[in-house]
Each structure stands twice: as C-alpha cells, then as structure tokens.
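Structure below is start_15.pdb: PDB, C-alpha atoms, pLDDT in the B column.
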```pdb
ATOM      1  CA  MET E  91      -3.359  -2.323  -1.528  1.00 90.00           C
ATOM      2  CA  VAL E  92      -4.882  -1.326  -4.860  1.00 93.00           C
ATOM      3  CA  THR E  93      -8.233   0.293  -5.499  1.00 95.00           C
ATOM      4  CA  ALA E  94      -9.706   0.433  -8.991  1.00 96.00           C
ATOM      5  CA  ARG E  95     -13.064   1.663 -10.190  1.00 97.00           C
ATOM      6  CA  SER E  96     -14.883   1.330 -13.480  1.00 98.00           C
ATOM      7  CA  PRO E  97     -17.863   3.301 -14.761  1.00 98.00           C
ATOM      8  CA  LEU E  98     -21.312   1.970 -15.419  1.00 98.00           C
ATOM      9  CA  ARG E  99     -22.883   2.645 -18.814  1.00 97.00           C
ATOM     10  CA  VAL E 100     -26.060   3.561 -20.626  1.00 96.00           C
ATOM     11  CA  SER E 101     -26.621   2.091 -24.071  1.00 94.00           C
ATOM     12  CA  LEU E 102     -28.036   4.726 -26.429  1.00 96.00           C
ATOM     13  CA  ALA E 103     -28.501   2.694 -29.623  1.00 96.00           C
ATOM     14  CA  GLY E 104     -27.680  -0.719 -31.030  1.00 94.00           C
ATOM     15  CA  GLY E 105     -27.792  -2.660 -27.768  1.00 90.00           C
ATOM     16  CA  GLY E 106     -27.958  -6.358 -28.489  1.00 92.00           C
ATOM     17  CA  THR E 107     -25.954  -6.168 -31.715  1.00 96.00           C
ATOM     18  CA  ASP E 108     -22.878  -6.960 -29.602  1.00 96.00           C
ATOM     19  CA  LEU E 109     -24.211 -10.430 -28.766  1.00 95.00           C
ATOM     20  CA  PRO E 110     -22.062 -13.073 -30.482  1.00 93.00           C
ATOM     21  CA  SER E 111     -25.136 -14.767 -31.948  1.00 93.00           C
ATOM     22  CA  TYR E 112     -25.724 -11.596 -33.987  1.00 96.00           C
ATOM     23  CA  SER E 113     -22.330  -9.922 -34.363  1.00 95.00           C
ATOM     24  CA  SER E 114     -20.531 -13.091 -35.506  1.00 94.00           C
ATOM     25  CA  ARG E 115     -22.805 -13.131 -38.577  1.00 96.00           C
ATOM     26  CA  HIS E 116     -23.563  -9.472 -39.253  1.00 96.00           C
ATOM     27  CA  GLY E 117     -21.200  -7.383 -37.164  1.00 96.00           C
ATOM     28  CA  GLY E 118     -22.620  -4.973 -34.631  1.00 97.00           C
ATOM     29  CA  LEU E 119     -22.668  -1.281 -33.836  1.00 97.00           C
ATOM     30  CA  VAL E 120     -23.485   0.186 -30.407  1.00 97.00           C
ATOM     31  CA  LEU E 121     -23.549   3.792 -29.254  1.00 97.00           C
ATOM     32  CA  SER E 122     -22.941   3.870 -25.511  1.00 97.00           C
ATOM     33  CA  CYS E 123     -21.810   6.282 -22.837  1.00 97.00           C
ATOM     34  CA  ALA E 124     -20.239   5.816 -19.434  1.00 98.00           C
ATOM     35  CA  ILE E 125     -21.966   7.577 -16.572  1.00 98.00           C
ATOM     36  CA  ASP E 126     -20.691   9.021 -13.310  1.00 97.00           C
ATOM     37  CA  ARG E 127     -21.655   5.952 -11.295  1.00 97.00           C
ATOM     38  CA  TYR E 128     -19.049   3.292 -10.545  1.00 97.00           C
ATOM     39  CA  VAL E 129     -18.165  -0.134  -9.263  1.00 97.00           C
ATOM     40  CA  GLY E 130     -14.975  -0.080  -7.214  1.00 97.00           C
ATOM     41  CA  VAL E 131     -12.794  -2.904  -5.960  1.00 96.00           C
ATOM     42  CA  THR E 132     -10.073  -2.815  -3.345  1.00 96.00           C
ATOM     43  CA  LEU E 133      -7.584  -5.663  -3.379  1.00 94.00           C
ATOM     44  CA  PHE E 134      -5.307  -6.190  -0.394  1.00 93.00           C
ATOM     45  CA  PRO E 135      -2.614  -8.789  -1.142  1.00 86.00           C
ATOM     46  CA  ARG E 136      -2.417 -10.305   2.313  1.00 84.00           C
ATOM     47  CA  GLU E 137      -4.640 -12.498   4.398  1.00 78.00           C
ATOM     48  CA  PHE E 138      -2.802 -13.753   7.443  1.00 76.00           C
ATOM     49  CA  ASP E 139      -4.159 -17.275   7.432  1.00 84.00           C
ATOM     50  CA  GLY E 140      -3.672 -17.618   3.651  1.00 85.00           C
ATOM     51  CA  ARG E 141      -7.357 -17.644   2.769  1.00 90.00           C
ATOM     52  CA  VAL E 142      -9.446 -15.421   0.544  1.00 90.00           C
ATOM     53  CA  ARG E 143     -11.602 -12.894   2.375  1.00 89.00           C
ATOM     54  CA  ALA E 144     -14.160 -11.100   0.199  1.00 90.00           C
ATOM     55  CA  ALA E 145     -16.808  -8.515   0.929  1.00 91.00           C
ATOM     56  CA  THR E 146     -18.919  -8.139  -2.193  1.00 87.00           C
ATOM     57  CA  ASP E 147     -22.698  -8.623  -2.084  1.00 83.00           C
ATOM     58  CA  SER E 148     -21.989 -10.794   0.947  1.00 86.00           C
ATOM     59  CA  TYR E 149     -19.044 -11.424   3.250  1.00 90.00           C
ATOM     60  CA  ASP E 150     -17.217 -14.662   2.481  1.00 91.00           C
ATOM     61  CA  LEU E 151     -14.136 -16.372   3.860  1.00 90.00           C
ATOM     62  CA  CYS E 152     -12.855 -19.420   2.025  1.00 90.00           C
ATOM     63  CA  ASP E 153      -9.670 -21.468   1.811  1.00 92.00           C
ATOM     64  CA  GLY E 154      -8.938 -20.457  -1.779  1.00 92.00           C
ATOM     65  CA  ALA E 155     -10.360 -18.680  -4.818  1.00 92.00           C
ATOM     66  CA  HIS E 156     -11.575 -21.983  -6.276  1.00 92.00           C
ATOM     67  CA  GLN E 157     -13.953 -22.322  -3.291  1.00 92.00           C
ATOM     68  CA  HIS E 158     -15.426 -18.827  -3.383  1.00 91.00           C
ATOM     69  CA  PRO E 159     -19.238 -19.111  -3.492  1.00 92.00           C
ATOM     70  CA  ASN E 160     -19.783 -16.118  -5.806  1.00 91.00           C
ATOM     71  CA  PRO E 161     -19.197 -17.298  -9.401  1.00 94.00           C
ATOM     72  CA  MET E 162     -18.098 -13.862 -10.707  1.00 94.00           C
ATOM     73  CA  THR E 163     -15.647 -13.238  -7.870  1.00 93.00           C
ATOM     74  CA  ARG E 164     -14.292 -16.793  -8.164  1.00 94.00           C
ATOM     75  CA  ALA E 165     -13.822 -16.551 -11.946  1.00 96.00           C
ATOM     76  CA  CYS E 166     -12.104 -13.141 -11.748  1.00 95.00           C
ATOM     77  CA  LEU E 167      -9.730 -14.253  -8.988  1.00 94.00           C
ATOM     78  CA  LEU E 168      -8.806 -17.442 -10.842  1.00 95.00           C
ATOM     79  CA  ARG E 169      -8.335 -15.646 -14.191  1.00 95.00           C
ATOM     80  CA  ALA E 170      -6.080 -13.111 -12.428  1.00 94.00           C
ATOM     81  CA  GLY E 171      -4.064 -15.944 -10.878  1.00 92.00           C
ATOM     82  CA  LEU E 172      -5.036 -15.000  -7.315  1.00 91.00           C
ATOM     83  CA  ARG E 173      -5.463 -18.374  -5.662  1.00 90.00           C
ATOM     84  CA  SER E 174      -5.205 -17.479  -1.967  1.00 91.00           C
ATOM     85  CA  GLY E 175      -3.917 -14.939   0.530  1.00 91.00           C
ATOM     86  CA  TYR E 176      -6.022 -11.971  -0.605  1.00 91.00           C
ATOM     87  CA  GLN E 177      -8.692  -9.671   0.736  1.00 93.00           C
ATOM     88  CA  VAL E 178     -11.218  -8.216  -1.713  1.00 95.00           C
ATOM     89  CA  ALA E 179     -13.903  -5.609  -1.138  1.00 95.00           C
ATOM     90  CA  SER E 180     -16.269  -4.174  -3.703  1.00 95.00           C
ATOM     91  CA  PHE E 181     -18.453  -1.091  -3.646  1.00 95.00           C
ATOM     92  CA  SER E 182     -21.099   0.069  -6.091  1.00 95.00           C
ATOM     93  CA  ASP E 183     -23.190   3.170  -6.660  1.00 94.00           C
ATOM     94  CA  VAL E 184     -26.128   1.014  -7.793  1.00 93.00           C
ATOM     95  CA  PRO E 185     -27.554  -2.350  -6.741  1.00 88.00           C
ATOM     96  CA  SER E 186     -26.843  -5.582  -8.642  1.00 84.00           C
ATOM     97  CA  GLY E 187     -29.178  -6.174 -11.562  1.00 87.00           C
ATOM     98  CA  SER E 188     -29.619  -2.501 -12.429  1.00 91.00           C
ATOM     99  CA  GLY E 189     -28.978  -3.093 -16.147  1.00 92.00           C
ATOM    100  CA  LEU E 190     -26.080  -0.644 -16.248  1.00 96.00           C
ATOM    101  CA  GLY E 191     -23.258  -3.143 -16.806  1.00 95.00           C
ATOM    102  CA  GLY E 192     -22.296  -3.644 -13.169  1.00 96.00           C
ATOM    103  CA  SER E 193     -20.969  -7.187 -13.514  1.00 95.00           C
ATOM    104  CA  ALA E 194     -18.631  -6.065 -16.302  1.00 97.00           C
ATOM    105  CA  ALA E 195     -17.498  -3.044 -14.268  1.00 98.00           C
ATOM    106  CA  PHE E 196     -16.794  -5.372 -11.331  1.00 96.00           C
ATOM    107  CA  ALA E 197     -14.743  -7.735 -13.532  1.00 97.00           C
ATOM    108  CA  VAL E 198     -12.772  -4.874 -15.116  1.00 98.00           C
ATOM    109  CA  SER E 199     -12.081  -3.335 -11.696  1.00 97.00           C
ATOM    110  CA  LEU E 200     -10.961  -6.587 -10.067  1.00 96.00           C
ATOM    111  CA  LEU E 201      -8.759  -7.634 -12.992  1.00 97.00           C
ATOM    112  CA  HIS E 202      -7.195  -4.170 -13.110  1.00 97.00           C
ATOM    113  CA  ALA E 203      -6.590  -4.150  -9.339  1.00 96.00           C
ATOM    114  CA  ALA E 204      -4.911  -7.569  -9.651  1.00 93.00           C
ATOM    115  CA  ALA E 205      -2.360  -6.245 -12.156  1.00 91.00           C
ATOM    116  CA  PRO E 206      -2.466  -2.432 -12.290  1.00 86.00           C
ATOM    117  CA  GLY E 207      -1.031  -1.114 -15.531  1.00 86.00           C
ATOM    118  CA  ALA E 208      -0.151  -4.585 -16.837  1.00 91.00           C
ATOM    119  CA  LEU E 209      -2.978  -4.769 -19.375  1.00 92.00           C
ATOM    120  CA  SER E 210      -4.010  -2.288 -22.036  1.00 96.00           C
ATOM    121  CA  ARG E 211      -7.624  -1.128 -21.936  1.00 97.00           C
ATOM    122  CA  GLN E 212      -8.383  -3.416 -24.867  1.00 97.00           C
ATOM    123  CA  ALA E 213      -6.772  -6.421 -23.154  1.00 97.00           C
ATOM    124  CA  LEU E 214      -8.573  -5.592 -19.913  1.00 97.00           C
ATOM    125  CA  ALA E 215     -11.948  -5.462 -21.712  1.00 98.00           C
ATOM    126  CA  GLU E 216     -11.206  -8.759 -23.471  1.00 98.00           C
ATOM    127  CA  ALA E 217     -10.125 -10.460 -20.215  1.00 97.00           C
ATOM    128  CA  ALA E 218     -13.245  -9.231 -18.401  1.00 98.00           C
ATOM    129  CA  SER E 219     -15.519 -10.373 -21.226  1.00 97.00           C
ATOM    130  CA  ALA E 220     -13.758 -13.766 -21.238  1.00 97.00           C
ATOM    131  CA  VAL E 221     -14.656 -14.146 -17.551  1.00 97.00           C
ATOM    132  CA  GLU E 222     -18.365 -13.795 -18.293  1.00 96.00           C
ATOM    133  CA  ILE E 223     -18.525 -15.448 -21.724  1.00 96.00           C
ATOM    134  CA  ASP E 224     -15.937 -18.234 -21.465  1.00 96.00           C
ATOM    135  CA  ASP E 225     -15.505 -18.907 -17.751  1.00 97.00           C
ATOM    136  CA  LEU E 226     -19.121 -18.422 -16.664  1.00 97.00           C
ATOM    137  CA  GLY E 227     -20.850 -19.348 -19.930  1.00 96.00           C
ATOM    138  CA  ARG E 228     -23.090 -16.289 -19.937  1.00 95.00           C
ATOM    139  CA  ALA E 229     -24.808 -15.239 -23.169  1.00 92.00           C
ATOM    140  CA  VAL E 230     -23.595 -11.627 -23.100  1.00 94.00           C
ATOM    141  CA  GLY E 231     -21.868  -9.307 -25.514  1.00 94.00           C
ATOM    142  CA  LYS E 232     -18.765  -7.208 -24.941  1.00 96.00           C
ATOM    143  CA  GLN E 233     -20.320  -3.732 -24.846  1.00 97.00           C
ATOM    144  CA  ASP E 234     -20.350  -3.501 -21.047  1.00 97.00           C
ATOM    145  CA  HIS E 235     -16.734  -4.628 -20.666  1.00 98.00           C
ATOM    146  CA  TYR E 236     -15.461  -2.173 -23.261  1.00 98.00           C
ATOM    147  CA  MET E 237     -17.368   0.720 -21.720  1.00 98.00           C
ATOM    148  CA  ALA E 238     -16.085  -0.177 -18.244  1.00 98.00           C
ATOM    149  CA  ALA E 239     -12.509  -0.323 -19.537  1.00 98.00           C
ATOM    150  CA  PHE E 240     -12.594   2.722 -21.846  1.00 98.00           C
ATOM    151  CA  GLY E 241     -15.306   5.034 -20.448  1.00 97.00           C
ATOM    152  CA  GLY E 242     -16.476   8.153 -22.261  1.00 97.00           C
ATOM    153  CA  VAL E 243     -18.884   8.160 -25.173  1.00 98.00           C
ATOM    154  CA  ARG E 244     -18.070   5.391 -27.651  1.00 98.00           C
ATOM    155  CA  LEU E 245     -19.205   3.995 -30.933  1.00 98.00           C
ATOM    156  CA  LEU E 246     -18.369   0.317 -30.507  1.00 98.00           C
ATOM    157  CA  ARG E 247     -17.927  -1.666 -33.719  1.00 98.00           C
ATOM    158  CA  PHE E 248     -18.220  -5.429 -33.333  1.00 97.00           C
ATOM    159  CA  HIS E 249     -16.655  -7.290 -36.247  1.00 97.00           C
ATOM    160  CA  PRO E 250     -17.719 -10.826 -37.245  1.00 96.00           C
ATOM    161  CA  SER E 251     -14.146 -11.937 -36.427  1.00 95.00           C
ATOM    162  CA  GLY E 252     -14.729 -10.981 -32.774  1.00 93.00           C
ATOM    163  CA  ARG E 253     -12.566  -7.854 -32.952  1.00 96.00           C
ATOM    164  CA  VAL E 254     -13.977  -4.748 -31.270  1.00 97.00           C
ATOM    165  CA  ALA E 255     -13.143  -1.163 -32.262  1.00 97.00           C
ATOM    166  CA  PRO E 256     -14.042   1.275 -29.435  1.00 97.00           C
ATOM    167  CA  ASP E 257     -14.118   4.606 -31.322  1.00 97.00           C
ATOM    168  CA  ARG E 258     -14.236   7.652 -29.057  1.00 97.00           C
ATOM    169  CA  LEU E 259     -16.819  10.322 -29.795  1.00 96.00           C
ATOM    170  CA  ASP E 260     -16.407  13.901 -28.591  1.00 87.00           C
TER     171      ASP E 260
END
```
Is it possible to express this structure as structure tokens?
Amino acid sequence: MVTARSPLRVSLAGGGTDLPSYSSRHGGLVLSCAIDRYVGVTLFPREFDGRVRAATDSYDLCDGAHQHPNPMTRACLLRAGLRSGYQVASFSDVPSGSGLGGSAAFAVSLLHAAAPGALSRQALAEAASAVEIDDLGRAVGKQDHYMAAFGGVRLLRFHPSGRVAPDRLD
C-alpha cells in the first residue's frame, strides 16, 4: 500500500502564460507557491476479484481501469499501466473546482503512488500534464502539475519548445 500527497497551489503572477496557445509562441513566466493544503491518494495493489475499486468523488467498482467512469482516474490508471486488481482512494483538503490545481495534484499523487521513486519530479510533472493535455484533451497549462510535483515557491519558465524550468525561490 502506498500513500502519496501533493500540494495545491496559488498563482501569484503570470497565470495563463503557461497555456500552450501562448507559451508555444512567446514563452511564459509564472510565479506560484504551493500551500499547506493537499490532495492525497492511497493505492492498494490488490483487489480480490481482480477489479478496480476506487473511492474518489464517488465510489466506483469496475472490471478494469478502461471502464472507470471518472475520466481523470481512468486516464491516470491507464497511463500508470494499472489495468486491474487495484484499490484507489483519494482525499482532498478542498472540494473539486476550487481553482487551486486539485486535478493536477490528484494526477501527480496517483502517478507517484503507482511507481514511488521511479520518476523524477520533472518526469512526474510531465506525465501528469500529459494525462490532462494529451489523454483528456483539456486546454490547460503545466503550472499546476509542476507545482504539485515540486512544491515550494517557484518561478516557472515555459519555453516555446515545451520545456519547463521550475526555478526555486527562497
């Protein structure tokens, strides 16, 4: 059983410049800080009948990750290679839709719990952003994913190439 938690964030300046529609042409710069509120995920690698049991915003039992009704949970499980035989529970200090980067914190936490220590913070942020941008087709930037993976106070530089530099500020 693995439990992981990721912080939520407050954007202080530059929010929106991380969106690919802007940053791919001009680059972007965001000042953001993680706060002491979290999204946590517990992953238990056993479900006796081989299904996926998940308690997130709702309680769901399905035959495999590909059938999970929550798009974010489904995409994270599939990206992590967790097809069946798992129990997942998530907990949050704030409700969904709070504007504090909760979906990114959930993705970072679940992907980290699926392979603790296997991915660098940068790779974890990129994998979590790929879930939302590529797998789910959401028009979001990467600020939330980087803050959930790195925490602290950061100056995030978004390069037109897609590279992100998460510079720590004291």
Considering only C-alpha atoms, return as an mmCIF file with C-alpha atoms, in the frame of the given file whatever protein or nucleic-acid residues lie within 9 Å of segment 208-212 of chain E, sequence-local ones (same chain, fewer than 4 positions apart) excluded.
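Done, and the output landed in result05.cif:
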```cif
data_model
loop_
_atom_site.group_PDB
_atom_site.id
_atom_site.type_symbol
_atom_site.label_atom_id
_atom_site.label_comp_id
_atom_site.auth_asym_id
_atom_site.auth_seq_id
_atom_site.Cartn_x
_atom_site.Cartn_y
_atom_site.Cartn_z
ATOM 1 C CA HIS E 202 -7.195 -4.170 -13.110
ATOM 2 C CA GLU E 216 -11.206 -8.759 -23.471
ATOM 3 C CA ALA E 217 -10.125 -10.460 -20.215
ATOM 4 C CA TYR E 236 -15.461 -2.173 -23.261
ATOM 5 C CA ALA E 239 -12.509 -0.323 -19.537
ATOM 6 C CA PHE E 240 -12.594 2.722 -21.846
ATOM 7 C CA VAL E 254 -13.977 -4.748 -31.270
ATOM 8 C CA PRO E 256 -14.042 1.275 -29.435
#
```
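Closest approach to Ala165 of chain E from the set E:Phe181, E:Tyr112, E:Phe196, E:Phe248 is made by E:Phe196, with distances taken over only C-alpha atoms.
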> Using only C-alpha atoms, which residues sit within 9 Å of segment 123-136 of chain E once same-chain residues fewer than 2 positions away are excluded, as JSON, numbers by chain?
Replying inline: {"E": [91, 92, 93, 94, 95, 96, 97, 98, 99, 100, 101, 102, 121, 138, 139, 140, 141, 142, 146, 174, 175, 176, 177, 178, 179, 180, 181, 182, 183, 184, 192, 193, 195, 196, 199, 200, 203, 204, 237, 238, 240, 241, 242, 243, 244, 245]}
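Counting only C-alpha atoms and comparing E:Ala194, E:Leu167, E:Ala205, E:Leu214, the residue that lies closest to Asp234 of chain E is E:Ala194.
Going from atom CA of Gly191 of chain E to atom CA of Leu226 of chain E covers 15.8 Å.
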